[in-house]
>>> print(open('target.cif').read())   # mmCIF, C-alpha atoms; chains and numbers go by the auth columns
data_structure
loop_
_atom_site.group_PDB
_atom_site.id
_atom_site.type_symbol
_atom_site.label_atom_id
_atom_site.label_comp_id
_atom_site.label_asym_id
_atom_site.label_seq_id
_atom_site.Cartn_x
_atom_site.Cartn_y
_atom_site.Cartn_z
_atom_site.B_iso_or_equiv
_atom_site.auth_seq_id
_atom_site.auth_asym_id
ATOM 1 C CA MET A 1 67.139 34.727 -4.123 0.00 1 G
ATOM 2 C CA ALA A 2 65.116 37.851 -4.653 0.00 2 G
ATOM 3 C CA SER A 3 63.626 36.668 -7.941 0.00 3 G
ATOM 4 C CA GLY A 4 61.678 33.963 -6.108 0.00 4 G
ATOM 5 C CA ARG A 5 60.082 30.844 -7.510 0.00 5 G
ATOM 6 C CA ARG A 6 56.468 30.130 -8.387 0.00 6 G
ATOM 7 C CA THR A 7 54.800 27.290 -6.573 0.00 7 G
ATOM 8 C CA ARG A 8 51.059 27.148 -7.221 0.00 8 G
ATOM 9 C CA THR A 9 48.162 29.122 -8.618 0.00 9 G
ATOM 10 C CA ARG A 10 45.446 30.924 -6.652 0.00 10 G
ATOM 11 C CA GLY A 11 43.007 32.278 -9.216 0.00 11 G
ATOM 12 C CA ALA A 12 44.879 34.383 -11.768 0.00 12 G
ATOM 13 C CA ARG A 13 47.912 34.947 -9.556 0.00 13 G
ATOM 14 C CA GLU A 14 50.606 32.659 -8.287 0.00 14 G
ATOM 15 C CA THR A 15 52.165 32.178 -4.901 0.00 15 G
ATOM 16 C CA VAL A 16 55.868 33.032 -5.009 0.00 16 G
ATOM 17 C CA THR A 17 58.543 31.718 -2.651 0.00 17 G
ATOM 18 C CA ALA A 18 62.216 32.450 -2.069 0.00 18 G
ATOM 19 C CA ASP A 19 64.975 31.239 0.214 0.00 19 G
ATOM 20 C CA VAL A 20 65.963 34.042 2.591 0.00 20 G
ATOM 21 C CA ILE A 21 68.227 34.273 5.615 0.00 21 G
ATOM 22 C CA GLY A 22 65.348 33.570 8.006 0.00 22 G
ATOM 23 C CA GLY A 23 64.050 30.513 6.139 0.00 23 G
ATOM 24 C CA THR A 24 61.561 30.259 3.284 0.00 24 G
ATOM 25 C CA ALA A 25 59.606 33.403 2.445 0.00 25 G
ATOM 26 C CA GLU A 26 56.292 33.126 0.655 0.00 26 G
ATOM 27 C CA LEU A 27 54.000 35.730 -0.894 0.00 27 G
ATOM 28 C CA ARG A 28 50.434 34.462 -1.196 0.00 28 G
ATOM 29 C CA PRO A 29 47.840 36.402 -3.179 0.00 29 G
ATOM 30 C CA ASP A 30 44.792 37.609 -1.279 0.00 30 G
ATOM 31 C CA PRO A 31 41.764 36.112 -3.060 0.00 31 G
ATOM 32 C CA ASP A 32 39.567 39.052 -2.014 0.00 32 G
ATOM 33 C CA ARG A 33 41.860 41.902 -3.101 0.00 33 G
ATOM 34 C CA PRO A 34 43.323 41.998 -6.624 0.00 34 G
ATOM 35 C CA ARG A 35 46.772 43.406 -5.707 0.00 35 G
ATOM 36 C CA ALA A 36 47.128 42.283 -2.097 0.00 36 G
ATOM 37 C CA TRP A 37 49.551 39.722 -0.723 0.00 37 G
ATOM 38 C CA THR A 38 50.346 37.992 2.566 0.00 38 G
ATOM 39 C CA LEU A 39 53.976 37.451 3.517 0.00 39 G
ATOM 40 C CA LEU A 40 54.799 34.219 5.344 0.00 40 G
ATOM 41 C CA VAL A 41 58.177 33.014 6.599 0.00 41 G
ATOM 42 C CA ASP A 42 58.481 29.279 7.175 0.00 42 G
ATOM 43 C CA GLY A 43 54.704 29.068 6.998 0.00 43 G
ATOM 44 C CA ALA A 44 54.010 31.702 9.672 0.00 44 G
ATOM 45 C CA PRO A 45 52.070 34.812 8.512 0.00 45 G
ATOM 46 C CA GLN A 46 54.170 37.949 8.982 0.00 46 G
ATOM 47 C CA SER A 47 52.344 40.814 7.275 0.00 47 G
ATOM 48 C CA HIS A 48 49.868 41.797 4.579 0.00 48 G
ATOM 49 C CA VAL A 49 50.217 44.428 1.855 0.00 49 G
ATOM 50 C CA ASP A 50 47.608 45.823 -0.524 0.00 50 G
ATOM 51 C CA LEU A 51 49.443 47.684 -3.290 0.00 51 G
ATOM 52 C CA ASP A 52 46.224 49.432 -4.334 0.00 52 G
ATOM 53 C CA ASP A 53 45.377 50.524 -0.789 0.00 53 G
ATOM 54 C CA PRO A 54 48.429 50.825 1.490 0.00 54 G
ATOM 55 C CA GLU A 55 46.191 52.326 4.189 0.00 55 G
ATOM 56 C CA TYR A 56 44.470 48.944 4.564 0.00 56 G
ATOM 57 C CA LEU A 57 45.863 47.037 7.559 0.00 57 G
ATOM 58 C CA GLN A 58 44.511 43.513 7.744 0.00 58 G
ATOM 59 C CA PHE A 59 46.376 42.042 10.719 0.00 59 G
ATOM 60 C CA GLU A 60 45.182 42.991 14.190 0.00 60 G
ATOM 61 C CA TYR A 61 48.603 43.992 15.500 0.00 61 G
ATOM 62 C CA GLN A 62 49.279 46.130 12.428 0.00 62 G
ATOM 63 C CA ARG A 63 46.016 48.013 12.936 0.00 63 G
ATOM 64 C CA ARG A 64 47.014 48.707 16.544 0.00 64 G
ATOM 65 C CA LEU A 65 50.420 49.964 15.453 0.00 65 G
ATOM 66 C CA GLY A 66 48.575 52.059 12.876 0.00 66 G
ATOM 67 C CA HIS A 67 46.630 53.748 15.675 0.00 67 G
ATOM 68 C CA ALA A 68 49.951 54.894 17.152 0.00 68 G
ATOM 69 C CA VAL A 69 50.929 56.298 13.741 0.00 69 G
ATOM 70 C CA ASP A 70 47.627 58.170 13.552 0.00 70 G
ATOM 71 C CA LEU A 71 47.804 59.704 17.017 0.00 71 G
ATOM 72 C CA VAL A 72 51.451 60.560 17.633 0.00 72 G
ATOM 73 C CA GLN A 73 51.018 63.877 15.763 0.00 73 G
ATOM 74 C CA PRO A 74 48.042 65.714 14.204 0.00 74 G
ATOM 75 C CA ALA A 75 46.646 64.020 11.098 0.00 75 G
ATOM 76 C CA GLY A 76 48.656 64.518 7.928 0.00 76 G
ATOM 77 C CA ARG A 77 51.753 65.962 9.573 0.00 77 G
ATOM 78 C CA PRO A 78 54.954 64.366 8.204 0.00 78 G
ATOM 79 C CA LEU A 79 56.844 62.157 10.650 0.00 79 G
ATOM 80 C CA HIS A 80 60.340 60.867 11.182 0.00 80 G
ATOM 81 C CA VAL A 81 59.845 57.147 11.805 0.00 81 G
ATOM 82 C CA LEU A 82 62.285 54.367 12.632 0.00 82 G
ATOM 83 C CA HIS A 83 61.024 50.818 12.075 0.00 83 G
ATOM 84 C CA LEU A 84 62.923 48.084 13.891 0.00 84 G
ATOM 85 C CA GLY A 85 62.013 45.111 11.729 0.00 85 G
ATOM 86 C CA GLY A 86 60.842 45.461 8.149 0.00 86 G
ATOM 87 C CA GLY A 87 58.897 42.434 6.933 0.00 87 G
ATOM 88 C CA ALA A 88 56.845 43.502 3.918 0.00 88 G
ATOM 89 C CA LEU A 89 57.220 47.196 4.904 0.00 89 G
ATOM 90 C CA THR A 90 53.493 47.351 5.643 0.00 90 G
ATOM 91 C CA LEU A 91 53.675 50.042 8.346 0.00 91 G
ATOM 92 C CA ALA A 92 56.201 52.082 6.379 0.00 92 G
ATOM 93 C CA ARG A 93 53.829 52.032 3.396 0.00 93 G
ATOM 94 C CA TYR A 94 50.965 53.061 5.703 0.00 94 G
ATOM 95 C CA VAL A 95 52.928 56.044 7.048 0.00 95 G
ATOM 96 C CA ALA A 96 53.865 57.122 3.533 0.00 96 G
ATOM 97 C CA ALA A 97 50.219 56.932 2.411 0.00 97 G
ATOM 98 C CA THR A 98 48.703 58.721 5.403 0.00 98 G
ATOM 99 C CA ARG A 99 51.500 61.240 6.043 0.00 99 G
ATOM 100 C CA SER A 100 53.169 62.264 2.800 0.00 100 G
ATOM 101 C CA ARG A 101 56.685 63.704 2.983 0.00 101 G
ATOM 102 C CA SER A 102 57.469 61.566 6.032 0.00 102 G
ATOM 103 C CA VAL A 103 61.078 60.403 6.361 0.00 103 G
ATOM 104 C CA GLN A 104 61.479 56.771 7.360 0.00 104 G
ATOM 105 C CA GLN A 105 64.274 54.359 8.168 0.00 105 G
ATOM 106 C CA VAL A 106 63.805 50.597 8.382 0.00 106 G
ATOM 107 C CA ALA A 107 66.237 48.260 10.152 0.00 107 G
ATOM 108 C CA GLU A 108 66.006 44.720 8.760 0.00 108 G
ATOM 109 C CA ILE A 109 68.667 42.073 9.301 0.00 109 G
ATOM 110 C CA ASP A 110 67.376 39.789 6.534 0.00 110 G
ATOM 111 C CA SER A 111 68.647 41.515 3.394 0.00 111 G
ATOM 112 C CA GLU A 112 67.425 38.682 1.172 0.00 112 G
ATOM 113 C CA LEU A 113 63.893 39.075 2.519 0.00 113 G
ATOM 114 C CA VAL A 114 64.005 42.807 1.763 0.00 114 G
ATOM 115 C CA ALA A 115 65.179 42.144 -1.794 0.00 115 G
ATOM 116 C CA PHE A 116 62.436 39.556 -2.331 0.00 116 G
ATOM 117 C CA VAL A 117 59.695 41.834 -1.003 0.00 117 G
ATOM 118 C CA ARG A 118 60.836 44.888 -2.925 0.00 118 G
ATOM 119 C CA SER A 119 61.133 42.946 -6.173 0.00 119 G
ATOM 120 C CA ARG A 120 57.563 41.645 -5.887 0.00 120 G
ATOM 121 C CA LEU A 121 55.900 44.456 -3.939 0.00 121 G
ATOM 122 C CA PRO A 122 57.643 47.645 -5.093 0.00 122 G
ATOM 123 C CA LEU A 123 57.299 50.865 -3.146 0.00 123 G
ATOM 124 C CA ALA A 124 55.336 53.743 -4.642 0.00 124 G
ATOM 125 C CA ASP A 125 57.291 56.459 -6.438 0.00 125 G
ATOM 126 C CA GLY A 126 58.484 59.299 -4.254 0.00 126 G
ATOM 127 C CA VAL A 127 58.279 57.374 -0.988 0.00 127 G
ATOM 128 C CA ARG A 128 61.113 58.359 1.361 0.00 128 G
ATOM 129 C CA ILE A 129 61.962 55.013 2.969 0.00 129 G
ATOM 130 C CA ARG A 130 65.555 53.974 3.556 0.00 130 G
ATOM 131 C CA VAL A 131 66.105 50.309 4.406 0.00 131 G
ATOM 132 C CA ARG A 132 69.258 49.733 6.436 0.00 132 G
ATOM 133 C CA GLY A 133 70.537 46.173 6.602 0.00 133 G
ATOM 134 C CA GLY A 134 71.688 44.993 10.007 0.00 134 G
ATOM 135 C CA ASP A 135 70.692 44.203 13.560 0.00 135 G
ATOM 136 C CA ALA A 136 67.994 46.499 14.946 0.00 136 G
ATOM 137 C CA ARG A 137 70.002 47.406 18.061 0.00 137 G
ATOM 138 C CA ALA A 138 73.052 48.304 15.978 0.00 138 G
ATOM 139 C CA VAL A 139 71.008 50.457 13.602 0.00 139 G
ATOM 140 C CA LEU A 140 69.289 52.189 16.529 0.00 140 G
ATOM 141 C CA GLY A 141 72.680 53.045 17.980 0.00 141 G
ATOM 142 C CA LYS A 142 73.618 54.965 14.820 0.00 142 G
ATOM 143 C CA VAL A 143 70.504 57.164 14.736 0.00 143 G
ATOM 144 C CA PRO A 144 71.033 60.714 16.073 0.00 144 G
ATOM 145 C CA ASP A 145 69.521 61.958 19.322 0.00 145 G
ATOM 146 C CA ASP A 146 65.980 63.361 19.128 0.00 146 G
ATOM 147 C CA TRP A 147 65.503 62.178 15.533 0.00 147 G
ATOM 148 C CA ALA A 148 62.269 60.154 15.590 0.00 148 G
ATOM 149 C CA ASP A 149 58.651 61.053 16.230 0.00 149 G
ATOM 150 C CA LEU A 150 57.857 57.346 16.319 0.00 150 G
ATOM 151 C CA ILE A 151 59.840 54.140 16.740 0.00 151 G
ATOM 152 C CA VAL A 152 58.090 50.894 15.857 0.00 152 G
ATOM 153 C CA GLY A 153 59.507 47.696 17.347 0.00 153 G
ATOM 154 C CA ASP A 154 58.474 44.569 15.427 0.00 154 G
ATOM 155 C CA VAL A 155 61.343 42.089 15.591 0.00 155 G
ATOM 156 C CA PHE A 156 60.781 38.411 16.277 0.00 156 G
ATOM 157 C CA ARG A 157 62.907 35.300 16.532 0.00 157 G
ATOM 158 C CA VAL A 158 60.942 32.083 17.152 0.00 158 G
ATOM 159 C CA ALA A 159 57.811 33.992 18.279 0.00 159 G
ATOM 160 C CA ARG A 160 59.704 36.224 20.735 0.00 160 G
ATOM 161 C CA THR A 161 61.528 39.529 20.565 0.00 161 G
ATOM 162 C CA PRO A 162 65.314 38.937 20.848 0.00 162 G
ATOM 163 C CA ALA A 163 66.611 39.559 24.385 0.00 163 G
ATOM 164 C CA HIS A 164 68.950 42.402 23.420 0.00 164 G
ATOM 165 C CA LEU A 165 65.875 44.375 22.301 0.00 165 G
ATOM 166 C CA THR A 166 64.087 43.983 25.639 0.00 166 G
ATOM 167 C CA SER A 167 66.497 45.441 28.190 0.00 167 G
ATOM 168 C CA VAL A 168 66.446 48.698 30.142 0.00 168 G
ATOM 169 C CA GLU A 169 69.571 49.739 28.220 0.00 169 G
ATOM 170 C CA PHE A 170 67.735 49.222 24.929 0.00 170 G
ATOM 171 C CA ALA A 171 64.770 51.239 26.204 0.00 171 G
ATOM 172 C CA GLY A 172 67.193 54.018 27.102 0.00 172 G
ATOM 173 C CA GLU A 173 68.505 54.036 23.540 0.00 173 G
ATOM 174 C CA VAL A 174 64.945 54.251 22.244 0.00 174 G
ATOM 175 C CA ARG A 175 64.257 57.265 24.418 0.00 175 G
ATOM 176 C CA ARG A 176 67.511 58.890 23.299 0.00 176 G
ATOM 177 C CA VAL A 177 66.426 58.692 19.657 0.00 177 G
ATOM 178 C CA LEU A 178 62.831 59.818 20.269 0.00 178 G
ATOM 179 C CA ARG A 179 61.935 63.483 20.179 0.00 179 G
ATOM 180 C CA ALA A 180 60.049 64.944 23.129 0.00 180 G
ATOM 181 C CA GLY A 181 56.475 63.683 22.944 0.00 181 G
ATOM 182 C CA GLY A 182 57.341 60.827 20.589 0.00 182 G
ATOM 183 C CA TYR A 183 56.029 57.281 20.863 0.00 183 G
ATOM 184 C CA TYR A 184 57.674 53.891 21.045 0.00 184 G
ATOM 185 C CA ALA A 185 55.195 51.245 19.846 0.00 185 G
ATOM 186 C CA ALA A 186 56.300 47.634 20.284 0.00 186 G
ATOM 187 C CA ASN A 187 54.574 44.553 18.927 0.00 187 G
ATOM 188 C CA LEU A 188 55.002 41.817 21.554 0.00 188 G
ATOM 189 C CA ALA A 189 53.702 38.269 21.823 0.00 189 G
ATOM 190 C CA ASP A 190 52.936 36.262 24.944 0.00 190 G
ATOM 191 C CA GLY A 191 50.595 33.708 26.442 0.00 191 G
ATOM 192 C CA PRO A 192 49.422 32.628 29.896 0.00 192 G
ATOM 193 C CA PRO A 193 50.460 33.763 32.493 0.00 193 G
ATOM 194 C CA LEU A 194 51.818 36.813 30.589 0.00 194 G
ATOM 195 C CA THR A 195 55.144 36.778 32.445 0.00 195 G
ATOM 196 C CA TYR A 196 57.083 38.143 29.485 0.00 196 G
ATOM 197 C CA LEU A 197 54.575 40.912 28.808 0.00 197 G
ATOM 198 C CA ARG A 198 54.562 41.984 32.458 0.00 198 G
ATOM 199 C CA GLY A 199 58.342 42.035 32.381 0.00 199 G
ATOM 200 C CA GLN A 200 58.400 44.297 29.332 0.00 200 G
ATOM 201 C CA ILE A 201 55.968 46.694 30.989 0.00 201 G
ATOM 202 C CA ALA A 202 58.233 46.865 34.041 0.00 202 G
ATOM 203 C CA THR A 203 61.302 47.383 31.843 0.00 203 G
ATOM 204 C CA LEU A 204 59.833 50.270 29.859 0.00 204 G
ATOM 205 C CA ARG A 205 58.469 51.788 33.062 0.00 205 G
ATOM 206 C CA GLU A 206 62.086 52.304 34.136 0.00 206 G
ATOM 207 C CA VAL A 207 62.562 54.730 31.226 0.00 207 G
ATOM 208 C CA PHE A 208 59.136 56.076 30.188 0.00 208 G
ATOM 209 C CA PRO A 209 56.573 57.669 32.536 0.00 209 G
ATOM 210 C CA GLU A 210 53.546 56.871 30.352 0.00 210 G
ATOM 211 C CA LEU A 211 52.544 53.427 29.048 0.00 211 G
ATOM 212 C CA CYS A 212 49.482 51.727 27.638 0.00 212 G
ATOM 213 C CA LEU A 213 48.791 48.302 26.246 0.00 213 G
ATOM 214 C CA THR A 214 46.313 47.234 23.577 0.00 214 G
ATOM 215 C CA ALA A 215 45.419 43.657 22.658 0.00 215 G
ATOM 216 C CA ASP A 216 42.633 41.159 22.196 0.00 216 G
ATOM 217 C CA PRO A 217 40.711 40.838 25.500 0.00 217 G
ATOM 218 C CA ALA A 218 41.375 37.080 25.591 0.00 218 G
ATOM 219 C CA VAL A 219 45.137 37.716 25.420 0.00 219 G
ATOM 220 C CA LEU A 220 44.969 40.291 28.223 0.00 220 G
ATOM 221 C CA ARG A 221 42.972 37.846 30.369 0.00 221 G
ATOM 222 C CA GLY A 222 45.671 35.247 29.863 0.00 222 G
ATOM 223 C CA LYS A 223 43.350 32.900 27.992 0.00 223 G
ATOM 224 C CA ARG A 224 45.470 32.419 24.873 0.00 224 G
ATOM 225 C CA PHE A 225 48.757 33.274 23.179 0.00 225 G
ATOM 226 C CA GLY A 226 48.676 36.373 20.978 0.00 226 G
ATOM 227 C CA ASN A 227 50.043 39.792 20.104 0.00 227 G
ATOM 228 C CA ALA A 228 49.889 42.926 22.221 0.00 228 G
ATOM 229 C CA VAL A 229 51.066 46.420 21.298 0.00 229 G
ATOM 230 C CA LEU A 230 52.796 48.336 24.084 0.00 230 G
ATOM 231 C CA ILE A 231 53.051 52.111 23.588 0.00 231 G
ATOM 232 C CA ALA A 232 55.430 54.250 25.660 0.00 232 G
ATOM 233 C CA SER A 233 56.049 57.984 25.760 0.00 233 G
ATOM 234 C CA ASP A 234 57.280 60.845 27.923 0.00 234 G
ATOM 235 C CA ARG A 235 53.866 62.539 27.602 0.00 235 G
ATOM 236 C CA GLU A 236 50.318 61.569 28.421 0.00 236 G
ATOM 237 C CA LEU A 237 48.937 59.078 25.917 0.00 237 G
ATOM 238 C CA PRO A 238 45.525 59.479 24.218 0.00 238 G
ATOM 239 C CA VAL A 239 44.051 56.485 26.022 0.00 239 G
ATOM 240 C CA ARG A 240 40.429 57.439 25.374 0.00 240 G
ATOM 241 C CA GLU A 241 40.928 57.706 21.616 0.00 241 G
ATOM 242 C CA LEU A 242 43.047 54.552 21.493 0.00 242 G
ATOM 243 C CA THR A 243 40.272 52.765 23.380 0.00 243 G
ATOM 244 C CA ARG A 244 37.649 53.973 20.921 0.00 244 G
ATOM 245 C CA ARG A 245 39.685 52.902 17.923 0.00 245 G
ATOM 246 C CA ALA A 246 40.535 49.502 19.386 0.00 246 G
ATOM 247 C CA ALA A 247 36.885 48.851 20.243 0.00 247 G
ATOM 248 C CA THR A 248 35.757 49.608 16.683 0.00 248 G
ATOM 249 C CA ASP A 249 38.395 47.492 14.916 0.00 249 G
ATOM 250 C CA PRO A 250 37.182 44.457 12.929 0.00 250 G
ATOM 251 C CA HIS A 251 38.718 42.389 15.741 0.00 251 G
ATOM 252 C CA PRO A 252 37.933 44.570 18.781 0.00 252 G
ATOM 253 C CA GLY A 253 40.712 45.155 21.270 0.00 253 G
ATOM 254 C CA ARG A 254 40.996 46.439 24.808 0.00 254 G
ATOM 255 C CA VAL A 255 43.334 49.162 26.099 0.00 255 G
ATOM 256 C CA LEU A 256 44.983 49.194 29.523 0.00 256 G
ATOM 257 C CA ALA A 257 46.696 52.343 30.764 0.00 257 G
#
>>> encode(input="target.cif", output="structure tokens")
Amino acid sequence: MASGRRTRTRGARETVTADVIGGTAELRPDPDRPRAWTLLVDGAPQSHVDLDDPEYLQFEYQRRLGHAVDLVQPAGRPLHVLHLGGGALTLARYVAATRSRSVQQVAEIDSELVAFVRSRLPLADGVRIRVRGGDARAVLGKVPDDWADLIVGDVFRVARTPAHLTSVEFAGEVRRVLRAGGYYAANLADGPPLTYLRGQIATLREVFPELCLTADPAVLRGKRFGNAVLIASDRELPVRELTRRAATDPHPGRVLA
């Protein structure tokens, strides 16, 4: 139900909820930003959008994905980007704001979530974002060879990326769609002893010669569960600049090459 339903008041704005395929979606107003909202699904925060400032990335993992957006090509150059997983379209909005004239596709299986988000958080005029309903692997398979400068993987089911998006065969499809020098940036989640994360590094290593990982130091030390962004490419990655950016984030991160 894309129209949503109002549930309670936070200041002058109301929290809005809707039943979607993945459960109950909720848009909560940010009390510190007049036109910013946090998307939650079944109570779990998914993403944050500031309609007045789409370059603002509040969540740690989104900032780290944003660094990949910033560094895959020189600043301002338009990109072809494929997002596997849509959420509130936060990263797609960020690309559109920082790299005008970019062409973007978003694969999102939850069509009701997309309708709810777009009805409450409309995209800016002139933004070239096409949302394609369906499974991320199926959408990826329909994208032409050498189409994308950047592929962002951000698909979760019960706190983990679905298995069919973690195989060597899937990584091969990602590389097929990427242009030479492009990046694959995947948001992953794991906890001690980081078995899943190590497995994903080994899987992508079968297909890509260059990898780096950025996350909260406590996550990398296996002290707690959290998100990590794994970046893969066929060219040398800008590890020094990624390290500098991660270290100066509001929640500082560490980079491993």
>>> residues_near_point(input="target.cif", point="(63.0, 45.6, 29.7)", cutoff="9 Å", atoms="all atoms listed in the file", output="list of chain:residue names")
G:Ala163, G:Leu165, G:Thr166, G:Ser167, G:Val168, G:Glu169, G:Phe170, G:Ala171, G:Gly199, G:Gln200, G:Ile201, G:Ala202, G:Thr203, G:Leu204, G:Arg205, G:Glu206
>>> resolve_selection(input="target.cif", expression="the PyMOL selection byres ((chain G and resi 143) around 10)", output="NGL selection string")
:G and (82 or 105 or 138-142 or 144-148 or 173-174 or 176-178)
>>> residues_around(input="target.cif", residues="Glu236 in chain G", least_positions_apart="4", cutoff="12 Å", atoms="all atoms listed in the file", output="list of chain:residue names")
G:Leu71, G:Val72, G:Ala180, G:Gly181, G:Gly182, G:Tyr183, G:Phe208, G:Pro209, G:Glu210, G:Leu211, G:Cys212, G:Ile231, G:Ala232, G:Arg240, G:Ala257
>>> atom_distance(input="target.cif", atom1="CA of Leu113 in chain G", atom2="CA of Val20 in chain G")
5.4 Å
>>> residues_around(input="target.cif", residues="Ala218 in chain G", least_positions_apart="6", cutoff="12 Å", atoms="all atoms listed in the file", output="list in words")
Asp190, Gly191, Pro192, Pro193, Leu194, Arg224, Phe225, Gly226, Asn227, Ala228, His251, Pro252, Gly253 and Arg254 of chain G
>>> write_last_selection(input="target.cif", atoms="C-alpha atoms", output="mmCIF file, in the frame of the given file")
data_model
loop_
_atom_site.group_PDB
_atom_site.id
_atom_site.type_symbol
_atom_site.label_atom_id
_atom_site.label_comp_id
_atom_site.auth_asym_id
_atom_site.auth_seq_id
_atom_site.Cartn_x
_atom_site.Cartn_y
_atom_site.Cartn_z
ATOM 1 C CA ASP G 190 52.936 36.262 24.944
ATOM 2 C CA GLY G 191 50.595 33.708 26.442
ATOM 3 C CA PRO G 192 49.422 32.628 29.896
ATOM 4 C CA PRO G 193 50.460 33.763 32.493
ATOM 5 C CA LEU G 194 51.818 36.813 30.589
ATOM 6 C CA ARG G 224 45.470 32.419 24.873
ATOM 7 C CA PHE G 225 48.757 33.274 23.179
ATOM 8 C CA GLY G 226 48.676 36.373 20.978
ATOM 9 C CA ASN G 227 50.043 39.792 20.104
ATOM 10 C CA ALA G 228 49.889 42.926 22.221
ATOM 11 C CA HIS G 251 38.718 42.389 15.741
ATOM 12 C CA PRO G 252 37.933 44.570 18.781
ATOM 13 C CA GLY G 253 40.712 45.155 21.270
ATOM 14 C CA ARG G 254 40.996 46.439 24.808
#
>>> resolve_selection(input="target.cif", expression="the PyMOL selection byres ((chain G and resi 126) around 12)", output="ChimeraX atom specification")
/G:93,96-97,100-103,122-125,127-130
>>> closest_residue(input="target.cif", among="G:Thr243, G:Gln58, G:Asn187, G:Thr195", to="Leu230 in chain G", atoms="all atoms listed in the file")
G:Asn187
>>> atom_distance(input="target.cif", atom1="CA of Gly134 in chain G", atom2="CA of Leu84 in chain G")
10.1 Å
>>> closest_residue(input="target.cif", among="G:Ala44, G:Ala25, G:Leu237, G:Ala115", to="Gln73 in chain G", atoms="only C-alpha atoms")
G:Leu237
>>> atom_distance(input="target.cif", atom1="CA of Gly43 in chain G", atom2="CA of Ala215 in chain G")
23.3 Å
>>> closest_residue(input="target.cif", among="G:Val49, G:Arg35, G:Glu112, G:Arg137", to="Gly23 in chain G", atoms="only C-alpha atoms")
G:Glu112
>>> resolve_selection(input="target.cif", expression="the PyMOL selection byres ((chain G and resi 42) around 12)", output="list in words")
Thr17, Ala18, Asp19, Val20, Ile21, Gly22, Gly23, Thr24, Ala25, Glu26, Leu27, Leu39, Leu40, Val41, Gly43, Ala44, Pro45, Gln46, Arg157 and Val158 of chain G
>>> closest_residue(input="target.cif", among="G:Ala75, G:Leu242, G:Val152, G:Ala88", to="Ser119 in chain G", atoms="all atoms listed in the file")
G:Ala88
>>> closest_residue(input="target.cif", among="G:Gly76, G:Leu51, G:Phe116, G:Gln62", to="Arg99 in chain G", atoms="all atoms listed in the file")
G:Gly76
>>> residues_around(input="target.cif", residues="Ala247 in chain G", least_positions_apart="6", cutoff="12 Å", atoms="only C-alpha atoms", output="ChimeraX atom specification")
/G:60,63-64,67,214-217,239-241,253-255
>>> write_last_selection(input="target.cif", atoms="C-alpha atoms", output="compact mmCIF listing (two decimals), in the coordinates of the input")
# COMPACT_ATOMS: atom_id res chain seq x y z
CA GLU G 60 45.18 42.99 14.19
CA ARG G 63 46.02 48.01 12.94
CA ARG G 64 47.01 48.71 16.54
CA HIS G 67 46.63 53.75 15.68
CA THR G 214 46.31 47.23 23.58
CA ALA G 215 45.42 43.66 22.66
CA ASP G 216 42.63 41.16 22.20
CA PRO G 217 40.71 40.84 25.50
CA VAL G 239 44.05 56.48 26.02
CA ARG G 240 40.43 57.44 25.37
CA GLU G 241 40.93 57.71 21.62
CA GLY G 253 40.71 45.16 21.27
CA ARG G 254 41.00 46.44 24.81
CA VAL G 255 43.33 49.16 26.10
>>> closest_residue(input="target.cif", among="G:Ile109, G:Ala246, G:Arg118, G:Ala136", to="Thr90 in chain G", atoms="only C-alpha atoms")
G:Arg118
